[in-house]
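Data from input-v4.txt: compact mmCIF, C-alpha atoms (C1' of nucleotides)
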```txt
# COMPACT_ATOMS: atom_id res chain seq x y z
CA MET A 1 0.00 0.00 0.00
CA GLU A 2 2.89 2.34 0.70
CA LYS A 3 4.19 1.80 -2.80
CA LEU A 4 0.83 2.67 -4.27
CA ARG A 5 0.70 5.77 -2.13
CA SER A 6 4.14 6.98 -3.10
CA ASN A 7 3.30 6.36 -6.74
CA ILE A 8 0.18 8.51 -6.49
CA GLU A 9 1.92 11.16 -4.42
CA GLU A 10 4.40 11.73 -7.22
CA VAL A 11 1.44 13.63 -8.66
CA THR A 12 -0.83 14.64 -5.82
CA PRO A 13 -0.91 14.25 -2.01
CA VAL A 14 -3.61 12.04 -0.45
CA SER A 15 -4.85 11.72 3.12
CA ASP A 16 -4.87 8.45 5.05
CA GLY A 17 -8.62 8.17 4.65
CA GLU A 18 -8.48 8.77 0.91
CA MET A 19 -5.65 6.31 0.64
CA ALA A 20 -7.67 3.54 2.29
CA PHE A 21 -10.53 4.29 -0.05
CA ILE A 22 -8.28 4.25 -3.09
CA HIS A 23 -6.58 1.07 -1.98
CA SER A 24 -9.88 -0.75 -1.75
CA PHE A 25 -10.20 -0.64 -5.53
CA PHE A 26 -7.01 -2.59 -6.07
CA SER A 27 -6.36 -6.28 -5.72
CA LEU A 28 -2.95 -7.77 -5.05
CA LYS A 29 -1.54 -10.50 -7.23
CA LYS A 30 1.62 -12.52 -6.78
CA VAL A 31 3.27 -13.33 -10.09
CA ARG A 32 5.72 -16.15 -10.79
CA ARG A 33 8.47 -16.13 -13.35
CA TYR A 34 7.24 -16.97 -16.86
CA GLN A 35 3.66 -16.27 -15.80
CA TYR A 36 1.55 -14.18 -18.16
CA LEU A 37 -0.59 -11.30 -17.00
CA VAL A 38 -1.97 -10.86 -20.50
CA GLN A 39 -1.88 -13.06 -23.57
CA GLU A 40 -2.85 -12.25 -27.14
CA GLY A 41 -6.56 -12.82 -27.60
CA ASP A 42 -7.44 -12.38 -23.93
CA ASP A 43 -9.86 -9.91 -22.53
CA VAL A 44 -7.88 -7.32 -20.60
CA PRO A 45 -9.80 -6.55 -17.41
CA TYR A 46 -6.96 -4.87 -15.57
CA GLU A 47 -4.19 -2.41 -15.70
CA TYR A 48 -1.32 -3.25 -13.40
CA LEU A 49 1.05 -1.40 -11.13
CA ALA A 50 4.24 -3.39 -10.62
CA LEU A 51 5.27 -3.43 -6.94
CA SER A 52 8.22 -5.71 -7.59
CA GLY A 53 9.52 -8.03 -10.28
CA ILE A 54 10.32 -7.41 -13.94
CA TYR A 55 7.80 -7.64 -16.75
CA ARG A 56 7.92 -7.32 -20.50
CA VAL A 57 5.16 -6.06 -22.75
CA TYR A 58 5.56 -7.52 -26.21
CA TYR A 59 3.76 -8.66 -29.33
CA LEU A 60 4.30 -11.11 -32.14
CA ALA A 61 4.85 -9.65 -35.59
CA ASP A 62 3.44 -11.33 -38.67
CA ASP A 63 6.72 -13.13 -39.25
CA GLY A 64 6.56 -14.63 -35.76
CA LYS A 65 9.22 -12.46 -34.19
CA GLU A 66 8.78 -10.98 -30.76
CA HIS A 67 9.04 -7.20 -30.37
CA ILE A 68 9.08 -5.57 -26.98
CA VAL A 69 7.13 -2.37 -26.50
CA LYS A 70 8.29 -1.76 -22.96
CA PHE A 71 9.84 -3.19 -19.83
CA ALA A 72 8.11 -2.62 -16.52
CA GLU A 73 9.92 -2.69 -13.21
CA GLU A 74 8.91 -1.54 -9.75
CA ASN A 75 6.62 1.48 -9.80
CA CYS A 76 5.65 1.08 -13.45
CA TRP A 77 2.10 0.83 -14.74
CA MET A 78 1.36 -1.51 -17.61
CA SER A 79 -1.41 -3.07 -19.63
CA ASP A 80 -2.41 -3.64 -23.21
CA TYR A 81 -4.02 -0.21 -23.15
CA LYS A 82 -5.63 -0.43 -26.51
CA ALA A 83 -7.56 -3.50 -25.40
CA PHE A 84 -8.02 -2.28 -21.83
CA PHE A 85 -9.60 1.04 -22.76
CA LYS A 86 -11.67 -0.24 -25.65
CA HIS A 87 -12.80 -3.53 -24.09
CA ASP A 88 -11.11 -5.29 -26.95
CA ARG A 89 -9.06 -8.47 -27.19
CA ALA A 90 -5.37 -8.21 -26.38
CA SER A 91 -2.90 -7.92 -29.23
CA MET A 92 0.02 -8.17 -26.84
CA PHE A 93 1.56 -10.32 -24.15
CA ILE A 94 2.71 -9.27 -20.70
CA GLU A 95 5.10 -11.80 -19.23
CA CYS A 96 6.80 -11.85 -15.86
CA MET A 97 10.58 -12.21 -16.12
CA GLU A 98 11.34 -12.00 -12.41
CA ALA A 99 8.77 -12.97 -9.83
CA GLY A 100 7.06 -10.16 -7.95
CA GLU A 101 3.75 -8.61 -7.01
CA VAL A 102 1.39 -6.35 -8.89
CA LEU A 103 -1.70 -4.35 -8.00
CA CYS A 104 -4.68 -4.81 -10.33
CA LEU A 105 -7.21 -2.14 -11.21
CA THR A 106 -10.25 -2.65 -13.43
CA LEU A 107 -11.47 -0.06 -15.90
CA TYR A 108 -14.63 0.18 -13.85
CA GLY A 109 -12.63 0.75 -10.69
CA ARG A 110 -10.66 3.39 -12.50
CA GLU A 111 -13.82 5.20 -13.52
CA GLN A 112 -15.33 4.90 -10.05
CA LEU A 113 -12.21 6.34 -8.54
CA SER A 114 -12.18 9.17 -11.06
CA ALA A 115 -15.80 9.98 -10.33
CA GLU A 116 -15.46 9.87 -6.54
CA LEU A 117 -12.14 11.60 -6.14
CA HIS A 118 -11.34 14.44 -8.46
CA LYS A 119 -7.66 14.22 -7.61
CA MET A 120 -7.64 10.65 -8.91
CA GLU A 121 -9.14 11.80 -12.17
CA HIS A 122 -6.31 14.28 -12.31
CA PHE A 123 -3.79 11.60 -11.39
CA PHE A 124 -4.91 9.33 -14.23
CA LYS A 125 -4.83 12.22 -16.67
CA VAL A 126 -1.31 13.20 -15.69
CA ARG A 127 -0.19 9.61 -15.90
CA LEU A 128 -1.67 9.20 -19.37
CA THR A 129 -0.02 12.37 -20.63
CA ASN A 130 3.28 11.18 -19.20
CA GLU A 131 2.90 7.83 -20.92
CA TYR A 132 2.03 9.65 -24.14
CA VAL A 133 5.13 11.80 -23.93
CA ALA A 134 7.28 8.75 -23.14
CA LEU A 135 5.94 6.97 -26.22
CA GLU A 136 6.65 10.02 -28.34
CA GLU A 137 10.23 9.88 -27.10
CA ARG A 138 10.39 6.23 -28.09
CA VAL A 139 9.18 7.10 -31.59
CA LYS A 140 11.83 9.79 -31.88
CA GLN A 141 14.41 7.34 -30.61
CA LEU A 142 13.49 4.77 -33.23
CA LEU A 143 13.32 7.33 -36.03
CA SER A 144 16.56 9.17 -35.56
CA ASN A 145 18.95 7.05 -33.57
CA THR A 146 21.30 4.33 -34.69
CA ALA A 147 21.31 0.93 -33.05
CA ARG A 148 24.31 1.96 -30.98
CA GLN A 149 22.63 5.15 -29.77
CA ARG A 150 19.51 3.23 -28.82
CA TYR A 151 21.66 0.72 -26.99
CA GLU A 152 23.38 3.46 -25.01
CA ALA A 153 20.08 5.14 -24.22
CA PHE A 154 18.74 1.81 -22.99
CA LEU A 155 21.69 1.45 -20.61
CA LYS A 156 20.87 4.83 -19.12
CA SER A 157 17.13 4.41 -18.87
CA HIS A 158 17.27 0.86 -17.54
CA PRO A 159 20.42 0.64 -15.42
CA GLY A 160 21.37 -2.90 -14.49
CA LEU A 161 18.62 -4.49 -16.53
CA LEU A 162 20.96 -5.75 -19.24
CA GLN A 163 22.61 -8.03 -16.70
CA ARG A 164 19.34 -9.50 -15.44
CA ILE A 165 17.53 -10.60 -18.58
CA PRO A 166 18.45 -12.56 -21.72
CA LYS A 167 20.22 -10.48 -24.33
CA LYS A 168 17.85 -11.56 -27.07
CA VAL A 169 15.06 -9.87 -25.12
CA VAL A 170 16.99 -6.62 -24.98
CA ALA A 171 17.63 -6.95 -28.70
CA ALA A 172 13.89 -7.33 -29.29
CA TYR A 173 13.39 -4.05 -27.42
CA LEU A 174 16.05 -2.21 -29.39
CA GLY A 175 14.84 -3.52 -32.72
CA VAL A 176 18.03 -5.33 -33.68
CA CYS A 177 18.98 -8.99 -33.85
CA ARG A 178 20.71 -10.76 -30.99
CA GLU A 179 24.07 -10.89 -32.78
CA THR A 180 24.11 -7.17 -33.54
CA LEU A 181 23.50 -6.39 -29.88
CA SER A 182 26.28 -8.78 -28.93
CA ARG A 183 28.65 -6.90 -31.20
CA LEU A 184 27.55 -3.51 -29.89
CA TYR A 185 28.78 -3.88 -26.35
CA LEU A 186 32.13 -5.31 -27.19
CA SER A 187 32.98 -2.29 -29.31
CA CYS A 188 32.54 -0.04 -26.27
CA MET B 189 -17.71 25.61 -36.06
CA GLU B 190 -19.42 22.67 -37.74
CA LYS B 191 -16.09 20.92 -38.12
CA LEU B 192 -15.34 21.34 -34.44
CA ARG B 193 -18.76 19.99 -33.61
CA SER B 194 -18.45 16.92 -35.79
CA ASN B 195 -15.02 16.28 -34.34
CA ILE B 196 -16.40 16.36 -30.80
CA GLU B 197 -19.47 14.36 -31.73
CA GLU B 198 -17.28 11.51 -32.87
CA VAL B 199 -17.06 10.95 -29.12
CA THR B 200 -20.08 12.55 -27.50
CA PRO B 201 -23.17 14.50 -28.63
CA VAL B 202 -23.46 18.17 -27.67
CA SER B 203 -26.41 20.55 -27.70
CA ASP B 204 -26.44 23.84 -29.62
CA GLY B 205 -26.02 25.79 -26.39
CA GLU B 206 -23.10 23.67 -25.25
CA MET B 207 -21.57 23.99 -28.66
CA ALA B 208 -21.66 27.78 -28.55
CA PHE B 209 -20.06 27.68 -25.11
CA ILE B 210 -17.36 25.28 -26.25
CA HIS B 211 -16.69 27.27 -29.36
CA SER B 212 -16.06 30.42 -27.34
CA PHE B 213 -12.86 28.89 -26.00
CA PHE B 214 -11.33 28.50 -29.45
CA SER B 215 -9.75 31.10 -31.67
CA LEU B 216 -9.50 30.80 -35.42
CA LYS B 217 -6.20 31.22 -37.21
CA LYS B 218 -5.48 31.33 -40.90
CA VAL B 219 -2.19 29.69 -41.79
CA ARG B 220 -0.11 30.27 -44.89
CA ARG B 221 2.17 27.77 -46.58
CA TYR B 222 5.60 27.55 -44.91
CA GLN B 223 4.24 29.27 -41.81
CA TYR B 224 5.17 27.79 -38.46
CA LEU B 225 2.64 27.18 -35.69
CA VAL B 226 5.41 26.08 -33.36
CA GLN B 227 9.17 26.39 -33.53
CA GLU B 228 11.81 24.75 -31.38
CA GLY B 229 12.41 26.85 -28.28
CA ASP B 230 9.00 28.51 -28.35
CA ASP B 231 6.48 28.47 -25.59
CA VAL B 232 3.56 26.35 -26.74
CA PRO B 233 0.39 28.09 -25.62
CA TYR B 234 -2.00 26.18 -27.87
CA GLU B 235 -3.05 22.87 -29.17
CA TYR B 236 -4.54 23.03 -32.63
CA LEU B 237 -7.37 21.41 -34.50
CA ALA B 238 -6.73 21.51 -38.25
CA LEU B 239 -9.84 22.57 -40.15
CA SER B 240 -8.06 22.51 -43.50
CA GLY B 241 -4.54 22.46 -44.87
CA ILE B 242 -1.68 20.05 -44.30
CA TYR B 243 0.81 20.31 -41.46
CA ARG B 244 3.88 18.41 -40.42
CA VAL B 245 5.12 17.92 -36.87
CA TYR B 246 8.86 17.34 -36.88
CA TYR B 247 12.06 17.78 -34.94
CA LEU B 248 15.74 18.16 -35.69
CA ALA B 249 18.00 15.32 -34.60
CA ASP B 250 21.48 15.99 -33.24
CA ASP B 251 22.97 15.44 -36.69
CA GLY B 252 20.70 18.12 -38.13
CA LYS B 253 18.32 15.80 -39.94
CA GLU B 254 14.60 16.36 -39.87
CA HIS B 255 12.37 13.57 -38.61
CA ILE B 256 8.62 13.77 -38.88
CA VAL B 257 6.54 12.57 -35.97
CA LYS B 258 3.21 13.01 -37.69
CA PHE B 259 1.29 14.62 -40.48
CA ALA B 260 -1.92 16.46 -39.65
CA GLU B 261 -4.70 16.99 -42.14
CA GLU B 262 -8.29 18.13 -41.73
CA ASN B 263 -9.82 16.99 -38.46
CA CYS B 264 -6.49 16.23 -36.78
CA TRP B 265 -5.34 17.67 -33.48
CA MET B 266 -1.72 18.59 -33.05
CA SER B 267 0.74 20.31 -30.77
CA ASP B 268 4.08 19.72 -29.16
CA TYR B 269 2.28 17.99 -26.34
CA LYS B 270 5.26 17.53 -24.13
CA ALA B 271 5.80 21.28 -24.06
CA PHE B 272 2.09 22.11 -24.12
CA PHE B 273 1.18 20.02 -21.09
CA LYS B 274 4.26 20.79 -19.06
CA HIS B 275 4.57 24.50 -19.90
CA ASP B 276 7.96 23.75 -21.34
CA ARG B 277 9.81 25.01 -24.40
CA ALA B 278 9.06 23.30 -27.70
CA SER B 279 11.43 20.62 -28.92
CA MET B 280 9.57 20.37 -32.20
CA PHE B 281 8.35 22.34 -35.18
CA ILE B 282 4.90 22.43 -36.67
CA GLU B 283 4.97 23.74 -40.21
CA CYS B 284 2.15 24.34 -42.62
CA MET B 285 2.62 22.60 -45.97
CA GLU B 286 -0.66 23.61 -47.55
CA ALA B 287 -2.46 26.75 -46.43
CA GLY B 288 -5.53 26.32 -44.29
CA GLU B 289 -7.22 27.20 -41.02
CA VAL B 290 -6.79 25.90 -37.51
CA LEU B 291 -8.65 26.33 -34.24
CA CYS B 292 -6.49 27.18 -31.24
CA LEU B 293 -7.13 26.10 -27.67
CA THR B 294 -5.04 27.07 -24.66
CA LEU B 295 -4.23 24.69 -21.83
CA TYR B 296 -6.20 26.98 -19.55
CA GLY B 297 -9.17 26.87 -21.90
CA ARG B 298 -8.88 23.12 -21.98
CA GLU B 299 -8.99 22.92 -18.21
CA GLN B 300 -11.86 25.40 -17.97
CA LEU B 301 -13.83 23.38 -20.48
CA SER B 302 -13.07 20.17 -18.60
CA ALA B 303 -14.19 21.70 -15.33
CA GLU B 304 -17.40 23.23 -16.70
CA LEU B 305 -18.53 20.42 -18.95
CA HIS B 306 -17.94 16.90 -17.79
CA LYS B 307 -18.48 15.56 -21.29
CA MET B 308 -15.57 17.67 -22.47
CA GLU B 309 -13.35 16.20 -19.81
CA HIS B 310 -14.43 12.83 -21.16
CA PHE B 311 -13.82 13.96 -24.72
CA PHE B 312 -10.26 15.03 -23.94
CA LYS B 313 -9.59 11.78 -22.13
CA VAL B 314 -10.85 9.69 -25.01
CA ARG B 315 -8.83 11.73 -27.43
CA LEU B 316 -5.68 11.30 -25.39
CA THR B 317 -6.15 7.55 -25.14
CA ASN B 318 -6.71 7.41 -28.89
CA GLU B 319 -3.54 9.37 -29.49
CA TYR B 320 -1.72 7.07 -27.11
CA VAL B 321 -2.90 3.99 -28.93
CA ALA B 322 -1.99 5.54 -32.29
CA LEU B 323 1.54 6.24 -31.05
CA GLU B 324 1.83 2.69 -29.80
CA GLU B 325 0.94 1.53 -33.29
CA ARG B 326 3.65 3.75 -34.70
CA VAL B 327 6.19 2.24 -32.32
CA LYS B 328 5.15 -1.26 -33.39
CA GLN B 329 5.36 -0.16 -37.00
CA LEU B 330 8.90 1.12 -36.57
CA LEU B 331 10.02 -1.91 -34.56
CA SER B 332 8.76 -4.73 -36.71
CA ASN B 333 8.19 -3.50 -40.23
CA THR B 334 10.63 -3.10 -43.08
CA ALA B 335 10.95 0.14 -44.97
CA ARG B 336 8.73 -1.27 -47.72
CA GLN B 337 6.03 -2.30 -45.26
CA ARG B 338 6.09 1.11 -43.64
CA TYR B 339 5.82 2.70 -47.06
CA GLU B 340 2.80 0.59 -47.93
CA ALA B 341 1.18 1.32 -44.57
CA PHE B 342 1.75 5.03 -45.19
CA LEU B 343 -0.03 4.82 -48.54
CA LYS B 344 -3.06 3.32 -46.82
CA SER B 345 -3.15 5.62 -43.82
CA HIS B 346 -2.53 8.80 -45.82
CA PRO B 347 -4.16 8.26 -49.22
CA GLY B 348 -3.15 10.83 -51.77
CA LEU B 349 -0.67 12.58 -49.52
CA LEU B 350 2.37 11.18 -51.32
CA GLN B 351 1.36 13.12 -54.41
CA ARG B 352 0.91 16.41 -52.58
CA ILE B 353 4.14 16.83 -50.64
CA PRO B 354 7.86 16.52 -51.43
CA LYS B 355 9.13 12.96 -51.34
CA LYS B 356 11.94 13.81 -49.00
CA VAL B 357 9.36 14.79 -46.41
CA VAL B 358 7.65 11.42 -46.71
CA ALA B 359 11.06 9.78 -46.39
CA ALA B 360 11.64 11.69 -43.15
CA TYR B 361 8.37 10.28 -41.86
CA LEU B 362 9.21 6.72 -42.82
CA GLY B 363 12.73 6.92 -41.43
CA VAL B 364 14.55 6.26 -44.69
CA CYS B 365 16.55 8.47 -47.00
CA ARG B 366 15.06 10.12 -50.04
CA GLU B 367 16.75 7.76 -52.48
CA THR B 368 15.53 4.64 -50.72
CA LEU B 369 11.95 5.88 -50.88
CA SER B 370 12.42 6.65 -54.56
CA ARG B 371 13.52 3.07 -55.14
CA LEU B 372 10.66 1.64 -53.11
CA TYR B 373 7.83 2.76 -55.32
CA LEU B 374 9.36 1.78 -58.58
CA SER B 375 9.74 -1.82 -57.42
CA CYS B 376 5.98 -2.09 -56.95
C1' DG C 377 28.71 -36.99 -12.63
C1' DC C 378 26.41 -36.69 -17.02
C1' DC C 379 23.18 -35.06 -20.28
C1' DG C 380 20.28 -31.68 -22.70
C1' DG C 381 18.48 -27.18 -23.41
C1' DG C 382 19.04 -22.55 -23.61
C1' DT C 383 22.27 -18.50 -23.85
C1' DT C 384 26.08 -16.22 -25.72
C1' DG C 385 29.97 -14.89 -28.68
C1' DT C 386 31.90 -14.98 -33.24
C1' DG C 387 32.98 -15.73 -38.13
C1' DA C 388 31.37 -15.81 -43.11
C1' DC C 389 28.27 -14.14 -46.06
C1' DA C 390 23.89 -11.91 -47.93
C1' DT C 391 20.80 -8.18 -47.77
C1' DT C 392 19.33 -3.72 -46.85
C1' DT C 393 20.08 0.94 -46.59
C1' DA C 394 22.86 5.22 -46.64
C1' DT C 395 25.93 8.19 -48.98
C1' DC C 396 27.70 10.53 -52.80
C1' DA C 397 27.56 12.01 -57.44
C1' DC C 398 25.27 13.40 -61.38
C1' DA C 399 21.69 14.23 -64.92
C1' DC C 400 17.14 15.63 -65.91
C1' DC C 401 12.97 18.19 -65.37
C1' DA C 402 9.52 21.70 -63.91
C1' DC C 403 9.02 26.17 -62.71
C1' DA C 404 9.77 30.97 -61.53
C1' DT C 405 12.53 35.10 -62.30
C1' DT C 406 14.95 38.15 -64.97
C1' DA D 407 15.64 32.86 -74.13
C1' DA D 408 18.84 32.46 -70.28
C1' DT D 409 19.30 31.48 -65.55
C1' DG D 410 18.86 29.48 -61.09
C1' DT D 411 16.54 26.57 -57.73
C1' DG D 412 14.52 22.68 -55.90
C1' DG D 413 12.66 18.18 -56.64
C1' DT D 414 13.42 13.71 -58.55
C1' DG D 415 15.42 9.34 -60.42
C1' DT D 416 19.47 6.40 -60.81
C1' DG D 417 24.07 4.39 -60.63
C1' DA D 418 28.36 3.16 -57.89
C1' DT D 419 30.01 2.27 -53.64
C1' DA D 420 30.35 1.97 -48.54
C1' DA D 421 28.39 0.99 -44.14
C1' DA D 422 25.18 -1.20 -41.18
C1' DT D 423 22.62 -4.96 -40.09
C1' DG D 424 20.53 -9.59 -40.66
C1' DT D 425 21.08 -14.55 -41.44
C1' DC D 426 23.22 -18.81 -40.82
C1' DA D 427 26.43 -21.87 -38.73
C1' DC D 428 29.06 -23.42 -34.99
C1' DA D 429 31.51 -23.77 -30.61
C1' DA D 430 31.81 -22.68 -25.72
C1' DC D 431 29.47 -22.11 -21.67
C1' DC D 432 26.17 -22.34 -17.77
C1' DC D 433 22.78 -24.68 -15.21
C1' DG D 434 19.14 -27.77 -13.69
C1' DG D 435 17.27 -32.52 -13.72
C1' DC D 436 18.17 -37.23 -13.60
```
Can you turn what I pasted into structure tokens?
Amino acid sequence: MEKLRSNIEEVTPVSDGEMAFIHSFFSLKKVRRYQYLVQEGDDVPYEYLALSGIYRVYYLADDGKEHIVKFAEENCWMSDYKAFFKHDRASMFIECMEAGEVLCLTLYGREQLSAELHKMEHFFKVRLTNEYVALEERVKQLLSNTARQRYEAFLKSHPGLLQRIPKKVVAAYLGVCRETLSRLYLSC
Amino acid sequence: MEKLRSNIEEVTPVSDGEMAFIHSFFSLKKVRRYQYLVQEGDDVPYEYLALSGIYRVYYLADDGKEHIVKFAEENCWMSDYKAFFKHDRASMFIECMEAGEVLCLTLYGREQLSAELHKMEHFFKVRLTNEYVALEERVKQLLSNTARQRYEAFLKSHPGLLQRIPKKVVAAYLGVCRETLSRLYLSC
DNA sequence: GCCGGGTTGTGACATTTATCACACCACATT
DNA sequence: AATGTGGTGTGATAAATGTCACAACCCGGC
């Protein structure tokens, strides 16, 4: 609960009473390694706040290759938002790479919270704009940076992660093949 | 005003009275070819709804190359949202490529509208989630598709646009050089 | 201890794309 | 008509990256 609170208070302060109310909309879920929170074709009833663990949000391209949209570590929100917001089937997978816990929030819970507490409406709006801006950065990154520049940016934005997960997964995030990534960090 | 109304009513119906109220928050601006709505370093007081004309949202990479984040035609909203939402200086340019008219809305006006009319708050939220999902699609596009696939997707998503603007601009959107684009559409 | 599967590095080669150079064309100006 | 400018196609070449193959390694299960 403290982690949820500190996450919210990055945007807006909340009282103890409000916090208890907010917390009641979330359910806790323990997640094992290799467990999926979302699989392609699923309904997506929740968005998730990672309390611990490492997760990857990815999809399968037509040619069968995996491409990773984002990594989520502690304090990150994640879902297949397209499906979540539009009550559609998932086009992506969310897989746990290191066991941990997540908090689950339904779209209905989200709307209830927004309606009851104006500051939560504000919180969700700020979070969405932040996610939007982050995605825009990722587009810029992919458009104008070389594989090496993207690799170096990844090291900065995800310190230590390279050591904890398979390199082919990092390659799928950067948009290069495993071998190219391998050759990138020896020439440094 | 009718174009603004139909844009809003893609999400939610509004009465004549509401529409007049909403409209009062917007200002109309005529835009000439080559005119900038936003330039790098500017404050970004507005977001814009294109009523007519063609606009490009782009930025300059470190090596001086232009990269286009999106094209906006009739019925598209645009701004440098990072700067707009966070009261920061623009990191992007918005240039008019075919003369037209835009409606301008300040962040303050946006918040006033949201506070006064709950359906407008909803409208802005839906719009932001749609923009978010669209960006996510663009990330997927850049991650998993070849230059040729991106070219073909561009033809579908922006019918007729290729004929109306310089090819090098399209190339800057697709993330390839001018010559590569030139070679793409002869091998079709 | 031994085996088998997955991960990683690395070389050889193919493919894709960028870069550079140049010619041609449309168009506006003088 | 002469001129200049920007857009466009195209060839030659270089650079980046992907593909394929293989060997070394780690690690867990038996």
Could the residues of chain D that have an atom at most 12 Å from range 402-406 of chain C be listed as CSV, each with its closest atom pair and the distance in Å to one decimal, counting only C-alpha atoms (C1' of nucleotides) and ordered by chain and ascending residue number?
```
residue,atom,partner,partner_atom,distance
D:DA407,C1',C:DT406,C1',10.6
D:DA408,C1',C:DT406,C1',8.7
D:DT409,C1',C:DT406,C1',8.0
D:DG410,C1',C:DT405,C1',8.6
D:DT411,C1',C:DA404,C1',8.9
D:DG412,C1',C:DC403,C1',9.4
D:DG413,C1',C:DA402,C1',8.7
D:DT414,C1',C:DA402,C1',10.4
```
At a cut-off of 9 Å, can you tabulate as a tab-separated table every residue of chain A near chain D together with its closest atom pair and the distance in Å to one decimal, using all atoms listed in the file and ordering rows by chain then number?
```
residue	atom	partner	partner_atom	distance
A:Val176	CA	D:DT423	C1'	7.9
A:Cys177	CA	D:DG424	C1'	7.0
A:Glu179	CA	D:DG424	C1'	8.7
A:Thr180	CA	D:DT423	C1'	7.1
```
Mind listing as an NGL selection string which residues of chain A are within 12 Å of chain C, counting only C-alpha atoms (C1' of nucleotides)?
-> :A and (165-169 or 178-186)
Grab the CA of Arg164 in chain A to CA of Met97 in chain A distance for me, in Å with one decimal place.
->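 Calculated distance between CA of Arg164 in chain A and CA of Met97 in chain A is 9.2 Å.
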Define the interface residues of chain B facing chain A as those within 10 Å, counting all atoms listed in the file, and report them as an MDAnalysis selection string.
-> chainID B and resid 246:251 253:257 268:271 273:274 309 312:314 316:333 360:364
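Of note, CA of His158 in chain A and CA of Glu74 in chain A are spaced 11.7 Å apart.
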Work out how far CA of Lys156 in chain A is from CA of Asn7 in chain A, in Å to one decimal.
->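 If I compute the distance from CA of Asn7 in chain A to CA of Lys156 in chain A, I get 21.5 Å.
Those residues that approach Ser24 in chain A to within 12 Å, counting only C-alpha atoms (C1' of nucleotides), are Met1, Leu4, Gly17, Glu18, Met19, Ala20, Phe21, Ile22, Phe26, Ser27, Leu28, Leu103, Cys104, Leu105, Thr106, Gly109, Arg110, Gln112 and Leu113 of chain A; same-chain residues fewer than 2 positions away are not listed.
Using all atoms listed in the file, the contacts of Asp276 in chain B at a cut-off of 9 Å, with sequence neighbours closer than 6 positions omitted, comprise B:Gly229, B:Asp230, B:Asp231, B:Val232, B:Lys270.
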Polymer residues at most 9 Å from range 240-243 of chain B, only C-alpha atoms (C1' of nucleotides), same-chain spacing of 4 or more positions, as number ranges by chain | B: 219-221, 258-263, 266, 282-290
